[in-house]
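To start, the structure itself, in structure tokens.
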Amino acid sequence: MSADFSTRTRAESSPRLVRLGVVIGALLLAASAGQACRAVAARSAARSELATRQADLAELRRRLGPLERPSSPEATLRRQVELTARASPPRVLADLATLVPPGAALDRVVLDYTDELGLELRVEARTPADYDRLLEALRSSDRLKGVLPGPETREGDLTATVTAVYRPGGQP
């Protein structure tokens, strides 16, 4: 049996592996620092964009303020006259007549010319199915929006009130 009593210490790892580890660590540190710098720059850009958008929004709100205020009676009257010219009662009634299916009828039509043309329709139908077909026709019309059925009575012939807003041709 031989024993090694030398005074030399054994190298636990080679100097190449240590240098390689240091180089990899330095590269990872540099990459992390680069990512952190890019993140800080992106945050600054986002804050700048936010400030710009908030300034734009404030300007739009400032410009919108006068438009939201109640308008003068002359402007309201002018809008009502323009709406009446584009949606005259005979035109509205003709458009509504094309939507009424067999078994249903319009008993009364109230036209309310304000900023929009509000309709209040009193309808009669022989059966609930006829009434449902009428509601479907009103809802699918490109001339009407906001079709809301109101109270209805189902004793004998079905009668109900339906409200809607009429959109003249060429209006979104």
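Chain labels follow the order of the structure tokens: the first chain is A, the next B, and so on; residue numbering restarts at 1 in every chain, and ligands are counted from 1 in their shown order.
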Env of Gly150 (chain A): 10 Å cut, atoms = only C-alpha atoms, seq-sep filter 2 positions within chain, self excluded. Answer as a compact mmCIF listing (two decimals) with C-alpha atoms, in the first residue's frame.
```txt
# COMPACT_ATOMS: atom_id res chain seq x y z
CA GLU A 120 -95.13 55.68 -30.82
CA LEU A 121 -97.10 52.96 -32.56
CA ARG A 122 -100.32 51.46 -31.27
CA VAL A 147 -87.63 49.31 -31.15
CA LEU A 148 -89.16 48.72 -27.71
CA GLU A 152 -99.82 44.62 -24.32
CA THR A 159 -103.08 45.34 -28.73
CA ALA A 160 -99.76 46.87 -27.74
CA THR A 161 -97.69 50.03 -27.90
CA VAL A 162 -94.28 50.00 -29.56
CA THR A 163 -91.77 52.88 -29.50
```
I'd like the interatomic distance between CA of Arg86 (chain A) and CA of Gly169 (chain A), to a tenth of an Å. 7.6 Å
Using DSSP secondary structure from the backbone, list all strand (DSSP E) positions within region 11-145 of chain A, as a short mmCIF file (atom, residue, chain, number, x, y, z; two decimals) with C-alpha atoms, in the first residue's frame.
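What ended up in result-v1.cif:
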```
data_model
loop_
_atom_site.label_atom_id
_atom_site.label_comp_id
_atom_site.auth_asym_id
_atom_site.auth_seq_id
_atom_site.Cartn_x
_atom_site.Cartn_y
_atom_site.Cartn_z
CA ALA A 104 -101.34 42.99 -37.88
CA ALA A 105 -102.28 46.65 -38.22
CA LEU A 106 -101.17 50.07 -37.02
CA ASP A 107 -104.07 51.58 -35.10
CA ARG A 108 -102.34 54.85 -34.26
CA VAL A 109 -99.00 56.47 -35.13
CA VAL A 110 -97.57 59.38 -33.14
CA LEU A 111 -94.60 61.22 -34.69
CA ASP A 112 -92.42 63.26 -32.32
CA TYR A 113 -90.07 65.55 -34.28
CA LEU A 117 -88.00 61.34 -35.03
CA GLY A 118 -89.57 59.37 -32.21
CA LEU A 119 -92.40 57.00 -33.06
CA GLU A 120 -95.13 55.68 -30.82
CA LEU A 121 -97.10 52.96 -32.56
CA ARG A 122 -100.32 51.46 -31.27
CA VAL A 123 -100.56 48.09 -32.95
CA GLU A 124 -103.22 45.43 -33.19
CA ALA A 125 -102.67 41.83 -34.14
CA LEU A 144 -85.86 52.03 -37.31
CA LYS A 145 -83.68 51.80 -34.24
#
```
